[in-house]
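Undergrad: data-v6.cif is reproduced below (mmCIF, C-alpha atoms).
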data_start
loop_
_atom_site.label_atom_id
_atom_site.label_comp_id
_atom_site.auth_asym_id
_atom_site.auth_seq_id
_atom_site.Cartn_x
_atom_site.Cartn_y
_atom_site.Cartn_z
CA MET U 1 -74.17 49.55 53.78
CA LYS U 2 -71.02 48.81 55.79
CA VAL U 3 -68.35 47.09 53.72
CA LEU U 4 -65.23 45.51 55.17
CA CYS U 5 -62.43 45.13 52.61
CA THR U 6 -59.54 42.81 53.32
CA CYS U 7 -56.24 42.40 51.50
CA LEU U 8 -52.70 41.18 51.87
CA PRO U 9 -50.44 43.97 53.18
CA GLY U 10 -48.93 45.21 49.93
CA SER U 11 -49.57 47.83 47.27
CA GLY U 12 -50.07 45.13 44.64
CA HIS U 13 -53.05 43.85 46.62
CA PHE U 14 -54.51 47.10 47.97
CA LEU U 15 -54.31 49.23 44.81
CA PRO U 16 -56.40 46.80 42.71
CA MET U 17 -59.12 47.23 45.37
CA LEU U 18 -58.86 51.01 45.62
CA PRO U 19 -61.10 52.01 42.68
CA GLN U 20 -63.94 49.80 43.93
CA ALA U 21 -63.52 50.95 47.53
CA ARG U 22 -63.51 54.59 46.40
CA ALA U 23 -66.65 54.07 44.32
CA LEU U 24 -68.41 52.46 47.29
CA ALA U 25 -67.48 55.38 49.53
CA ASP U 26 -68.57 57.91 46.88
CA ALA U 27 -71.93 56.11 46.73
CA GLY U 28 -72.39 56.76 50.45
CA HIS U 29 -71.35 53.41 51.86
CA ASP U 30 -69.12 53.02 54.93
CA VAL U 31 -65.88 51.32 53.87
CA ALA U 32 -63.00 50.12 56.03
CA PHE U 33 -59.98 47.88 55.42
CA ALA U 34 -58.45 45.07 57.43
CA THR U 35 -54.82 44.12 56.81
CA ALA U 36 -51.53 43.84 58.67
CA GLY U 37 -51.02 46.79 61.01
CA GLU U 38 -47.74 47.86 59.43
CA PHE U 39 -49.53 48.50 56.10
CA GLY U 40 -52.40 50.45 57.64
CA PRO U 41 -50.89 53.93 57.11
CA ALA U 42 -50.51 53.26 53.38
CA ILE U 43 -54.28 52.73 53.21
CA GLU U 44 -55.29 55.46 55.64
CA LYS U 45 -53.71 58.16 53.45
CA TYR U 46 -56.53 57.44 50.99
CA GLY U 47 -59.10 58.25 53.68
CA PHE U 48 -60.12 54.75 54.79
CA ALA U 49 -60.21 53.50 58.35
CA THR U 50 -58.17 50.35 58.97
CA PHE U 51 -58.19 47.43 61.37
CA PRO U 52 -54.98 45.46 62.09
CA ALA U 53 -55.25 41.81 61.08
CA GLY U 54 -52.50 39.33 60.30
CA VAL U 55 -48.76 39.63 59.81
CA SER U 56 -46.56 41.35 57.25
CA LEU U 57 -45.67 39.87 53.87
CA ALA U 58 -42.07 39.42 55.04
CA GLU U 59 -43.23 37.41 58.08
CA GLN U 60 -45.54 35.32 55.89
CA LEU U 61 -42.72 34.50 53.49
CA GLU U 62 -40.31 33.71 56.32
CA GLU U 63 -42.70 31.31 58.08
CA ALA U 64 -43.81 29.69 54.84
CA GLY U 65 -40.17 29.24 53.86
CA ARG U 66 -39.60 27.27 57.04
CA THR U 67 -42.78 25.25 56.64
CA TYR U 68 -43.04 24.28 52.98
CA PRO U 69 -40.18 22.71 50.96
CA GLU U 70 -41.65 24.19 47.77
CA ALA U 71 -40.25 27.52 48.94
CA GLN U 72 -36.80 26.32 47.87
CA LEU U 73 -37.80 26.03 44.20
CA ALA U 74 -36.33 28.61 41.85
CA PRO U 75 -38.73 31.45 40.96
CA SER U 76 -40.95 30.08 38.20
CA GLN U 77 -44.54 29.19 37.33
CA VAL U 78 -44.08 25.85 39.12
CA ARG U 79 -43.02 27.53 42.37
CA PHE U 80 -45.92 29.96 42.13
CA GLU U 81 -48.49 27.22 41.60
CA THR U 82 -47.22 24.95 44.39
CA PHE U 83 -45.78 27.23 47.07
CA VAL U 84 -47.99 30.32 46.95
CA PRO U 85 -51.34 28.56 47.64
CA ARG U 86 -49.74 26.85 50.64
CA MET U 87 -48.38 30.14 51.95
CA LEU U 88 -51.65 32.03 51.46
CA ALA U 89 -53.92 29.37 52.96
CA GLY U 90 -51.51 27.76 55.42
CA VAL U 91 -49.67 30.79 56.82
CA ALA U 92 -51.33 34.08 55.83
CA ALA U 93 -54.94 33.01 56.47
CA PRO U 94 -54.42 31.51 59.96
CA SER U 95 -52.49 34.59 61.05
CA ARG U 96 -55.44 36.87 60.33
CA ALA U 97 -58.56 34.69 60.65
CA ALA U 98 -59.12 35.20 64.38
CA ALA U 99 -58.63 38.96 64.01
CA LEU U 100 -61.09 39.13 61.11
CA VAL U 101 -63.69 37.19 63.07
CA GLU U 102 -63.29 39.61 65.98
CA ILE U 103 -63.41 42.66 63.69
CA THR U 104 -66.51 41.34 61.93
CA GLY U 105 -68.21 40.67 65.24
CA ASP U 106 -67.44 44.13 66.59
CA TRP U 107 -67.83 46.33 63.48
CA ARG U 108 -70.75 44.35 62.04
CA PRO U 109 -70.26 44.87 58.29
CA ASP U 110 -73.08 43.99 55.93
CA LEU U 111 -70.69 42.66 53.30
CA ILE U 112 -67.04 41.65 52.96
CA VAL U 113 -64.91 42.25 49.87
CA HIS U 114 -61.55 40.45 49.88
CA ASP U 115 -58.66 40.41 47.48
CA GLU U 116 -58.57 37.00 45.80
CA THR U 117 -55.36 36.02 47.58
CA GLU U 118 -56.77 36.70 51.07
CA PHE U 119 -58.36 33.45 52.28
CA ALA U 120 -59.30 34.39 55.86
CA ALA U 121 -62.16 36.66 54.76
CA PRO U 122 -64.41 33.85 53.44
CA ILE U 123 -64.00 32.10 56.80
CA ALA U 124 -64.96 35.22 58.76
CA ALA U 125 -67.89 35.89 56.43
CA ALA U 126 -69.15 32.31 56.67
CA ARG U 127 -68.81 32.44 60.45
CA PHE U 128 -71.38 35.27 60.52
CA GLY U 129 -73.47 34.18 57.55
CA LEU U 130 -72.43 37.20 55.47
CA PRO U 131 -72.22 37.31 51.68
CA TYR U 132 -68.83 38.29 50.31
CA ALA U 133 -67.16 39.17 47.03
CA ASP U 134 -63.81 38.19 45.55
CA GLN U 135 -61.92 41.19 44.17
CA SER U 136 -59.61 39.92 41.46
CA VAL U 137 -56.22 41.57 41.09
CA GLY U 138 -55.52 40.66 37.46
CA ILE U 139 -55.47 37.56 35.27
CA LEU U 140 -57.29 34.62 36.83
CA ARG U 141 -54.85 32.32 38.58
CA PRO U 142 -54.98 28.64 37.56
CA LEU U 143 -57.96 26.98 39.22
CA ALA U 144 -55.66 24.20 40.43
CA MET U 145 -54.09 26.79 42.75
CA ALA U 146 -57.47 27.61 44.30
CA ARG U 147 -58.18 23.89 44.77
CA LEU U 148 -54.83 23.42 46.53
CA ALA U 149 -55.52 26.45 48.73
CA GLY U 150 -58.90 24.94 49.59
CA GLN U 151 -57.25 21.72 50.72
CA VAL U 152 -54.67 23.54 52.84
CA LEU U 153 -57.42 25.71 54.37
CA GLU U 154 -59.57 22.79 55.56
CA PRO U 155 -58.14 22.54 59.13
CA LEU U 156 -58.59 26.29 59.70
CA ALA U 157 -62.13 26.19 58.34
CA ALA U 158 -62.93 23.26 60.61
CA GLU U 159 -61.55 25.19 63.59
CA PHE U 160 -64.15 27.91 62.93
CA GLY U 161 -66.90 25.46 62.03
CA VAL U 162 -67.38 26.62 58.43
CA ASP U 163 -67.08 25.11 54.97
CA PRO U 164 -65.55 27.54 52.44
CA GLY U 165 -65.92 25.06 49.58
CA PRO U 166 -63.41 23.46 47.19
CA PHE U 167 -61.71 26.71 46.19
CA GLY U 168 -60.96 28.09 49.63
CA GLY U 169 -64.03 30.32 49.52
CA LEU U 170 -63.41 31.76 46.07
CA PHE U 171 -66.13 31.91 43.42
CA ARG U 172 -69.05 31.41 45.84
CA TYR U 173 -71.05 34.66 45.58
CA LEU U 174 -69.37 37.18 43.26
CA TYR U 175 -66.04 37.40 41.44
CA LEU U 176 -65.21 40.93 40.29
CA ASP U 177 -63.17 40.19 37.17
CA VAL U 178 -60.87 43.13 36.39
CA CYS U 179 -59.08 41.47 33.47
CA PRO U 180 -59.94 42.38 29.86
CA PRO U 181 -61.13 39.37 27.84
CA GLY U 182 -58.18 39.53 25.43
CA LEU U 183 -55.75 38.90 28.27
CA GLN U 184 -57.86 36.62 30.45
CA SER U 185 -57.37 32.90 31.05
CA ALA U 186 -59.81 30.55 29.31
CA GLU U 187 -60.65 29.13 32.76
CA ILE U 188 -62.71 32.24 33.50
CA ASP U 189 -65.57 30.52 31.64
CA GLN U 190 -65.78 28.06 34.55
CA ILE U 191 -66.53 30.85 37.06
CA ALA U 192 -70.31 31.17 37.14
CA VAL U 193 -70.27 34.29 39.33
CA ALA U 194 -67.67 36.25 37.33
CA HIS U 195 -68.62 39.79 36.28
CA ARG U 196 -66.27 42.11 34.42
CA VAL U 197 -65.57 45.38 36.26
CA HIS U 198 -62.37 47.26 35.46
CA ASN U 199 -60.30 48.75 38.26
CA LEU U 200 -57.97 51.19 36.51
CA THR U 201 -56.29 53.41 39.09
CA LEU U 202 -55.15 56.39 37.01
CA GLY U 203 -56.13 59.60 38.76
CA LEU U 204 -56.71 58.00 42.16
CA THR U 205 -53.40 58.95 43.81
CA PRO U 206 -53.99 62.01 46.02
CA GLY U 207 -51.69 64.97 45.35
CA ALA U 208 -49.53 63.02 42.90
CA GLU U 209 -47.60 64.98 40.31
CA LEU U 210 -44.43 64.62 38.27
CA PRO U 211 -41.22 65.60 40.10
CA PRO U 212 -39.76 68.89 38.79
CA SER U 213 -36.75 67.00 37.37
CA LEU U 214 -39.09 65.23 34.94
CA ALA U 215 -41.16 68.21 33.89
CA ASP U 216 -39.08 69.05 30.78
CA LEU U 217 -38.03 65.79 29.21
CA PRO U 218 -36.36 65.88 25.78
CA ASP U 219 -38.56 65.19 22.76
CA GLN U 220 -37.75 61.48 22.41
CA PRO U 221 -39.35 58.19 23.49
CA THR U 222 -39.82 57.82 27.25
CA VAL U 223 -39.55 54.49 29.04
CA TYR U 224 -40.62 53.80 32.62
CA VAL U 225 -38.73 51.10 34.54
CA SER U 226 -40.02 49.50 37.75
CA LEU U 227 -39.70 46.14 39.49
CA GLY U 228 -42.52 46.93 41.91
CA THR U 229 -42.36 47.40 45.67
CA ILE U 230 -41.69 43.84 46.91
CA PHE U 231 -39.51 41.79 44.55
CA ASN U 232 -37.09 44.59 43.72
CA ARG U 233 -34.06 43.70 45.83
CA ASP U 234 -31.89 42.19 43.09
CA LYS U 235 -29.66 45.15 42.29
CA SER U 236 -28.12 43.33 39.33
CA ILE U 237 -31.43 43.52 37.41
CA PHE U 238 -31.47 47.31 37.65
CA GLU U 239 -27.77 47.44 36.77
CA ALA U 240 -28.36 45.40 33.60
CA ILE U 241 -31.21 47.70 32.58
CA LEU U 242 -29.18 50.85 33.23
CA ALA U 243 -26.18 49.48 31.35
CA GLY U 244 -28.31 48.40 28.40
CA LEU U 245 -29.98 51.79 28.06
CA HIS U 246 -26.97 53.94 28.95
CA ASP U 247 -26.36 55.15 25.40
CA GLU U 248 -29.85 54.87 23.92
CA PRO U 249 -31.59 58.00 22.55
CA ILE U 250 -34.54 57.70 24.93
CA ASN U 251 -35.69 59.11 28.26
CA VAL U 252 -35.44 56.47 30.99
CA ILE U 253 -37.24 56.92 34.31
CA VAL U 254 -36.31 54.24 36.85
CA THR U 255 -37.99 53.79 40.23
CA VAL U 256 -36.05 51.41 42.49
CA GLY U 257 -38.42 51.37 45.47
CA ASN U 258 -38.25 52.87 48.94
CA ASN U 259 -36.10 49.96 50.11
CA ASN U 260 -33.32 50.85 47.64
CA ASP U 261 -31.07 53.91 47.36
CA PRO U 262 -30.82 55.58 43.93
CA ALA U 263 -27.30 56.76 44.79
CA ALA U 264 -26.18 53.12 44.99
CA PHE U 265 -26.40 52.93 41.19
CA GLY U 266 -23.88 55.72 40.68
CA PRO U 267 -24.05 58.71 38.34
CA GLN U 268 -26.19 58.34 35.24
CA PRO U 269 -26.33 60.26 31.95
CA ASP U 270 -28.83 63.09 31.69
CA HIS U 271 -31.43 61.00 29.88
CA ILE U 272 -31.68 58.52 32.78
CA LYS U 273 -33.44 59.52 36.02
CA VAL U 274 -33.32 57.18 39.03
CA GLU U 275 -35.84 57.79 41.82
CA ARG U 276 -37.11 55.81 44.80
CA PHE U 277 -40.80 56.00 43.97
CA ILE U 278 -43.12 57.93 41.69
CA PRO U 279 -46.80 56.95 41.40
CA GLN U 280 -47.13 55.23 38.06
CA ALA U 281 -50.42 57.01 37.51
CA VAL U 282 -48.54 60.26 36.91
CA LEU U 283 -45.83 58.65 34.76
CA LEU U 284 -47.70 56.35 32.39
CA PRO U 285 -49.45 59.09 30.35
CA HIS U 286 -45.99 60.41 29.40
CA CYS U 287 -44.49 57.05 28.37
CA ASP U 288 -44.04 55.09 25.15
CA ALA U 289 -43.15 51.72 26.71
CA VAL U 290 -42.60 50.14 30.12
CA ILE U 291 -40.11 47.70 31.63
CA ASN U 292 -41.88 46.01 34.53
CA GLN U 293 -41.77 42.89 36.66
CA GLY U 294 -45.26 41.91 35.51
CA GLY U 295 -47.35 42.20 38.68
CA THR U 296 -50.77 43.76 39.08
CA ALA U 297 -49.49 46.96 37.43
CA ILE U 298 -49.80 45.44 33.96
CA LEU U 299 -53.48 46.38 33.70
CA ASP U 300 -52.84 50.07 34.32
CA ILE U 301 -49.93 49.91 31.85
CA LEU U 302 -52.10 48.29 29.18
CA GLY U 303 -54.90 50.65 30.13
CA CYS U 304 -52.64 53.37 28.70
CA GLY U 305 -52.03 51.31 25.56
CA LEU U 306 -48.33 50.80 26.34
CA PRO U 307 -46.29 47.73 25.36
CA ILE U 308 -44.36 45.98 28.14
CA LEU U 309 -40.97 44.30 28.48
CA VAL U 310 -41.72 41.92 31.36
CA LEU U 311 -38.91 40.81 33.67
CA PRO U 312 -40.73 38.41 36.03
CA GLN U 313 -39.18 37.96 39.47
CA SER U 314 -41.70 35.97 41.51
CA ALA U 315 -45.36 35.16 42.25
CA ASN U 316 -47.87 35.50 39.38
CA GLN U 317 -45.43 37.53 37.31
CA PHE U 318 -44.38 34.49 35.26
CA HIS U 319 -48.00 33.77 34.30
CA ASN U 320 -48.56 37.43 33.47
CA ALA U 321 -45.40 37.53 31.36
CA ALA U 322 -46.54 34.49 29.39
CA ALA U 323 -49.96 36.07 28.81
CA CYS U 324 -48.44 39.35 27.60
CA VAL U 325 -46.20 37.49 25.15
CA ALA U 326 -49.06 35.27 23.94
CA ARG U 327 -51.31 38.29 23.31
CA GLY U 328 -48.53 40.17 21.52
CA VAL U 329 -48.55 43.16 23.88
CA GLY U 330 -45.00 42.65 25.08
CA ARG U 331 -41.85 40.62 25.33
CA ALA U 332 -40.35 38.80 28.33
CA LEU U 333 -36.93 38.06 29.77
CA LEU U 334 -36.70 35.37 32.44
CA PRO U 335 -34.27 35.93 35.36
CA GLY U 336 -31.34 34.19 33.66
CA GLU U 337 -31.91 36.09 30.42
CA VAL U 338 -31.62 39.65 31.74
CA THR U 339 -28.45 41.12 30.25
CA PRO U 340 -27.77 44.66 29.01
CA GLY U 341 -27.95 43.52 25.40
CA ALA U 342 -31.16 41.57 25.87
CA VAL U 343 -32.83 44.53 27.60
CA ARG U 344 -31.71 46.91 24.86
CA ASP U 345 -32.88 44.59 22.08
CA GLY U 346 -36.18 43.80 23.76
CA LEU U 347 -37.02 47.43 24.35
CA SER U 348 -35.95 48.39 20.83
CA ALA U 349 -38.41 45.86 19.43
CA LEU U 350 -41.23 47.34 21.50
CA LEU U 351 -40.45 50.87 20.31
CA THR U 352 -39.90 50.10 16.63
CA ALA U 353 -42.30 47.26 15.83
CA GLY U 354 -45.72 48.90 15.76
CA SER U 355 -47.53 45.61 16.33
CA TYR U 356 -46.81 45.65 20.08
CA ARG U 357 -48.28 49.10 20.53
CA ARG U 358 -51.31 48.26 18.35
CA ARG U 359 -52.09 45.14 20.35
CA ALA U 360 -51.61 46.98 23.62
CA GLN U 361 -54.08 49.57 22.36
CA GLN U 362 -56.54 46.77 21.57
CA ILE U 363 -56.36 45.69 25.21
CA GLN U 364 -56.71 49.36 26.17
CA ALA U 365 -59.93 49.50 24.15
CA GLU U 366 -61.23 46.35 25.83
CA LEU U 367 -60.58 47.86 29.25
CA ALA U 368 -62.31 51.08 28.24
CA ALA U 369 -65.35 49.09 27.12
CA MET U 370 -65.66 47.24 30.43
CA PRO U 371 -68.05 48.48 33.11
CA GLY U 372 -66.31 50.55 35.76
CA PRO U 373 -66.42 50.50 39.57
CA ASP U 374 -69.89 52.07 39.57
CA ALA U 375 -71.12 48.79 38.10
CA GLY U 376 -69.27 47.03 40.91
CA VAL U 377 -71.19 49.12 43.43
CA HIS U 378 -74.43 48.01 41.80
CA LEU U 379 -73.36 44.36 41.99
CA LEU U 380 -72.30 44.64 45.62
CA GLU U 381 -75.57 46.34 46.57
CA ARG U 382 -77.44 43.49 44.84
CA LEU U 383 -75.35 40.94 46.72
CA HIS U 384 -76.18 42.61 50.01
CA GLN U 385 -79.90 42.60 49.20
CA GLU U 386 -80.17 39.13 47.67
CA LYS U 387 -77.55 37.33 49.80
CA ALA U 388 -77.20 34.76 47.02
CA PRO U 389 -74.71 34.04 44.23
CA LEU U 390 -74.88 36.51 41.36
CA ARG U 391 -74.55 34.40 38.24
CA GLY U 392 -73.75 35.61 34.75
CA THR U 393 -70.66 37.02 33.07
CA GLU U 394 -72.09 40.26 31.78
CA THR U 395 -73.70 42.99 33.90
CA PRO U 396 -74.73 46.35 32.41
CA ALA U 397 -73.20 49.37 34.07
CA PRO U 398 -75.66 51.68 35.83
CA GLY U 399 -73.69 54.66 34.54
CA PRO U 400 -70.40 55.67 32.90
CA GLY U 401 -67.41 53.55 33.96
CA ARG U 402 -64.78 55.23 36.11
#
Any chance you could put this one into structure tokens?

TA:
Amino acid sequence: MKVLCTCLPGSGHFLPMLPQARALADAGHDVAFATAGEFGPAIEKYGFATFPAGVSLAEQLEEAGRTYPEAQLAPSQVRFETFVPRMLAGVAAPSRAAALVEITGDWRPDLIVHDETEFAAPIAAARFGLPYADQSVGILRPLAMARLAGQVLEPLAAEFGVDPGPFGGLFRYLYLDVCPPGLQSAEIDQIAVAHRVHNLTLGLTPGAELPPSLADLPDQPTVYVSLGTIFNRDKSIFEAILAGLHDEPINVIVTVGNNNDPAAFGPQPDHIKVERFIPQAVLLPHCDAVINQGGTAILDILGCGLPILVLPQSANQFHNAAACVARGVGRALLPGEVTPGAVRDGLSALLTAGSYRRRAQQIQAELAAMPGPDAGVHLLERLHQEKAPLRGTETPAPGPGR
């Protein structure tokens, strides 16, 4: 089976697809990715061929900012629900649809798997009569967002002579639901083709290991700090975190991203290490808590049973922060609330109140009980054979979950 995977050009969209893509390849299927050309090398290092399709995230944001007035709203749940669907369906999808149609026509995949924010894939699949699957990247986004995306997508769909349906193509054949039930939105019950398949990425980063400077950490709690790889440009957020934890008796490992310079934050005490990037897969097993922006990484964090102090910056991070607080697995500080004292107090609560760790471990247990990517392979093979919606929320795994 030839499987074309498509995603937005960012780690937060590719990495949630990696476990399933790896399982497909290990099962003997031919897997390739289509995304913006500039992100291709980040995928190719995992051994997958890539096809260039669409423009970079920065170009998408820039064009959408010019096109949609909702872009001027302050980062919040409201901005996410009104601006992001317009950007994804009105800017990102048109920029890659023609390329995906050409790639599909030339490479002739049997099946397409797209990240749930990539709306050009359903159009390309429908153009060739192919079944396709939605790869979720975390907690289900509000269905109202998918409806809005469907409305914005209508002119593009008409241009290619297809009808992706009311949700922009989502939820038609198969929705691979990676979110544990204790963290999931109640709206998941409305998705008839949802099947739980976890996508934990620990152990999937080739050649990853702890830097030598972190090999002998003092015997005290260790906290990992990251604001991701995209929305990490506000230096004042890192400065507030560093100031708040400057004198705390804990190990603090901060990754500021490849677009920031650790030296810009000045000298730090011995218990604080500032790096550009370290794969979280090698850090999380050594941690006691995490400070994070609340993107797709929260599932791997909770998969290690770690409580989270969420500092949402943009996109779905505000929804994820609210879910983490509601489920008792973490605390949250909105952009205007991030001060050294608030960071110190929030982290102290996570480390001293055992309830956060216990509830995070409950989510960890739910993730461990979910079928793994091998079950996803079974579902995708069924979809290829049956070429019809796969209904039902529970599917037994054909073997041990990965």

Undergrad: Please list as a list of chain:residue names every residue within 10 Å of Arg96 (chain U), counting only C-alpha atoms and excluding residues in the same chain fewer than 4 positions away.

TA: U:Leu8, U:Ala34, U:Thr35, U:Ala36, U:Pro52, U:Ala53, U:Gly54, U:Val55, U:Val91, U:Ala92, U:Leu100, U:Val101, U:Glu118, U:Phe119, U:Ala120, U:Ala121, U:Ala124

Undergrad: Counting all atoms listed in the file, figure out which residue out of U:Val256, U:Met145, U:Met17, U:Val290 gets nearest to Leu176 (chain U).

TA: U:Met17

Undergrad: Once the PyMOL selection byres ((chain U and resi 70) around 12) is applied to the coordinates I shared, what remains selected? I want it as a PDB file with C-alpha atoms, in the coordinates of the input.

TA:
ATOM      1  CA  LEU U  61     -42.720  34.500  53.490  1.00  0.00           C
ATOM      2  CA  ALA U  64     -43.810  29.690  54.840  1.00  0.00           C
ATOM      3  CA  GLY U  65     -40.170  29.240  53.860  1.00  0.00           C
ATOM      4  CA  ARG U  66     -39.600  27.270  57.040  1.00  0.00           C
ATOM      5  CA  THR U  67     -42.780  25.250  56.640  1.00  0.00           C
ATOM      6  CA  TYR U  68     -43.040  24.280  52.980  1.00  0.00           C
ATOM      7  CA  PRO U  69     -40.180  22.710  50.960  1.00  0.00           C
ATOM      8  CA  ALA U  71     -40.250  27.520  48.940  1.00  0.00           C
ATOM      9  CA  GLN U  72     -36.800  26.320  47.870  1.00  0.00           C
ATOM     10  CA  LEU U  73     -37.800  26.030  44.200  1.00  0.00           C
ATOM     11  CA  ALA U  74     -36.330  28.610  41.850  1.00  0.00           C
ATOM     12  CA  PRO U  75     -38.730  31.450  40.960  1.00  0.00           C
ATOM     13  CA  SER U  76     -40.950  30.080  38.200  1.00  0.00           C
ATOM     14  CA  GLN U  77     -44.540  29.190  37.330  1.00  0.00           C
ATOM     15  CA  VAL U  78     -44.080  25.850  39.120  1.00  0.00           C
ATOM     16  CA  ARG U  79     -43.020  27.530  42.370  1.00  0.00           C
ATOM     17  CA  PHE U  80     -45.920  29.960  42.130  1.00  0.00           C
ATOM     18  CA  GLU U  81     -48.490  27.220  41.600  1.00  0.00           C
ATOM     19  CA  THR U  82     -47.220  24.950  44.390  1.00  0.00           C
ATOM     20  CA  PHE U  83     -45.780  27.230  47.070  1.00  0.00           C
ATOM     21  CA  VAL U  84     -47.990  30.320  46.950  1.00  0.00           C
ATOM     22  CA  PRO U  85     -51.340  28.560  47.640  1.00  0.00           C
ATOM     23  CA  ARG U  86     -49.740  26.850  50.640  1.00  0.00           C
ATOM     24  CA  MET U  87     -48.380  30.140  51.950  1.00  0.00           C
TER      25      MET U  87
END

Undergrad: Would you pick out the contacts of region 187-190 of chain U at 9 Å or less, using all atoms listed in the file, so that residues sharing its chain but fewer than 5 positions from it are not included, and give the list as a PDB file with C-alpha atoms, in the coordinates of the input?

TA:
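Below you can see part-v7.pdb, which holds the result:
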ATOM      1  CA  LEU U 140     -57.290  34.620  36.830  1.00  0.00           C
ATOM      2  CA  ARG U 141     -54.850  32.320  38.580  1.00  0.00           C
ATOM      3  CA  PRO U 142     -54.980  28.640  37.560  1.00  0.00           C
ATOM      4  CA  LEU U 143     -57.960  26.980  39.220  1.00  0.00           C
ATOM      5  CA  ASP U 177     -63.170  40.190  37.170  1.00  0.00           C
ATOM      6  CA  THR U 393     -70.660  37.020  33.070  1.00  0.00           C
TER       7      THR U 393
END

Undergrad: At a cut-off of 8 Å, using all atoms listed in the file, what residues contact Gly294 (chain U)? Leave out same-chain residues fewer than 3 positions from it and give the result as a PDB file with C-alpha atoms, in the coordinates of the input.

TA:
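Here's the written file part-v4.pdb:
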ATOM      1  CA  ALA U 297     -49.490  46.960  37.430  1.00  0.00           C
ATOM      2  CA  ILE U 298     -49.800  45.440  33.960  1.00  0.00           C
ATOM      3  CA  VAL U 310     -41.720  41.920  31.360  1.00  0.00           C
ATOM      4  CA  LEU U 311     -38.910  40.810  33.670  1.00  0.00           C
ATOM      5  CA  PRO U 312     -40.730  38.410  36.030  1.00  0.00           C
ATOM      6  CA  ASN U 316     -47.870  35.500  39.380  1.00  0.00           C
ATOM      7  CA  GLN U 317     -45.430  37.530  37.310  1.00  0.00           C
ATOM      8  CA  PHE U 318     -44.380  34.490  35.260  1.00  0.00           C
ATOM      9  CA  ASN U 320     -48.560  37.430  33.470  1.00  0.00           C
ATOM     10  CA  ALA U 321     -45.400  37.530  31.360  1.00  0.00           C
TER      11      ALA U 321
END

Undergrad: Restricting the calculation to all atoms listed in the file: of U:Val225, U:Val254, U:Ala194, U:Ala243, which residue gets closest to Val274 (chain U)?

TA: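 Closest to Val274 (chain U) of all the choices is U:Val254.
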
Undergrad: Kindly complete region 8-18 of chain U to N, CA, C and O atoms; the output should be written as a PDB file, keeping the file's coordinate frame.

TA:
ATOM      1  N   LEU U   8     -54.063  41.382  51.410  1.00  0.00           N
ATOM      2  CA  LEU U   8     -52.700  41.180  51.870  1.00  0.00           C
ATOM      3  C   LEU U   8     -52.028  42.547  52.003  1.00  0.00           C
ATOM      4  O   LEU U   8     -52.382  43.496  51.303  1.00  0.00           O
ATOM      5  N   PRO U   9     -51.048  42.666  52.900  1.00  0.00           N
ATOM      6  CA  PRO U   9     -50.440  43.970  53.180  1.00  0.00           C
ATOM      7  C   PRO U   9     -49.389  44.366  52.153  1.00  0.00           C
ATOM      8  O   PRO U   9     -48.186  44.314  52.410  1.00  0.00           O
ATOM      9  N   GLY U  10     -49.838  44.769  50.980  1.00  0.00           N
ATOM     10  CA  GLY U  10     -48.930  45.210  49.930  1.00  0.00           C
ATOM     11  C   GLY U  10     -49.660  46.047  48.910  1.00  0.00           C
ATOM     12  O   GLY U  10     -50.871  45.868  48.694  1.00  0.00           O
ATOM     13  N   SER U  11     -48.939  46.955  48.257  1.00  0.00           N
ATOM     14  CA  SER U  11     -49.570  47.830  47.270  1.00  0.00           C
ATOM     15  C   SER U  11     -50.193  47.042  46.131  1.00  0.00           C
ATOM     16  O   SER U  11     -51.234  47.429  45.590  1.00  0.00           O
ATOM     17  N   GLY U  12     -49.549  45.937  45.735  1.00  0.00           N
ATOM     18  CA  GLY U  12     -50.070  45.130  44.640  1.00  0.00           C
ATOM     19  C   GLY U  12     -51.372  44.432  44.962  1.00  0.00           C
ATOM     20  O   GLY U  12     -52.017  43.881  44.060  1.00  0.00           O
ATOM     21  N   HIS U  13     -51.773  44.445  46.227  1.00  0.00           N
ATOM     22  CA  HIS U  13     -53.050  43.850  46.620  1.00  0.00           C
ATOM     23  C   HIS U  13     -54.066  44.920  47.014  1.00  0.00           C
ATOM     24  O   HIS U  13     -55.258  44.753  46.757  1.00  0.00           O
ATOM     25  N   PHE U  14     -53.586  46.025  47.606  1.00  0.00           N
ATOM     26  CA  PHE U  14     -54.510  47.100  47.970  1.00  0.00           C
ATOM     27  C   PHE U  14     -54.927  47.927  46.758  1.00  0.00           C
ATOM     28  O   PHE U  14     -56.124  48.207  46.568  1.00  0.00           O
ATOM     29  N   LEU U  15     -53.970  48.331  45.918  1.00  0.00           N
ATOM     30  CA  LEU U  15     -54.310  49.230  44.810  1.00  0.00           C
ATOM     31  C   LEU U  15     -55.342  48.645  43.854  1.00  0.00           C
ATOM     32  O   LEU U  15     -56.205  49.388  43.356  1.00  0.00           O
ATOM     33  N   PRO U  16     -55.325  47.330  43.555  1.00  0.00           N
ATOM     34  CA  PRO U  16     -56.400  46.800  42.710  1.00  0.00           C
ATOM     35  C   PRO U  16     -57.779  46.910  43.350  1.00  0.00           C
ATOM     36  O   PRO U  16     -58.792  46.851  42.655  1.00  0.00           O
ATOM     37  N   MET U  17     -57.838  47.076  44.687  1.00  0.00           N
ATOM     38  CA  MET U  17     -59.120  47.230  45.370  1.00  0.00           C
ATOM     39  C   MET U  17     -59.536  48.680  45.512  1.00  0.00           C
ATOM     40  O   MET U  17     -60.704  48.973  45.796  1.00  0.00           O
ATOM     41  N   LEU U  18     -58.593  49.590  45.342  1.00  0.00           N
ATOM     42  CA  LEU U  18     -58.860  51.010  45.620  1.00  0.00           C
ATOM     43  C   LEU U  18     -59.977  51.598  44.779  1.00  0.00           C
ATOM     44  O   LEU U  18     -60.863  52.275  45.331  1.00  0.00           O
TER      45      LEU U  18
END
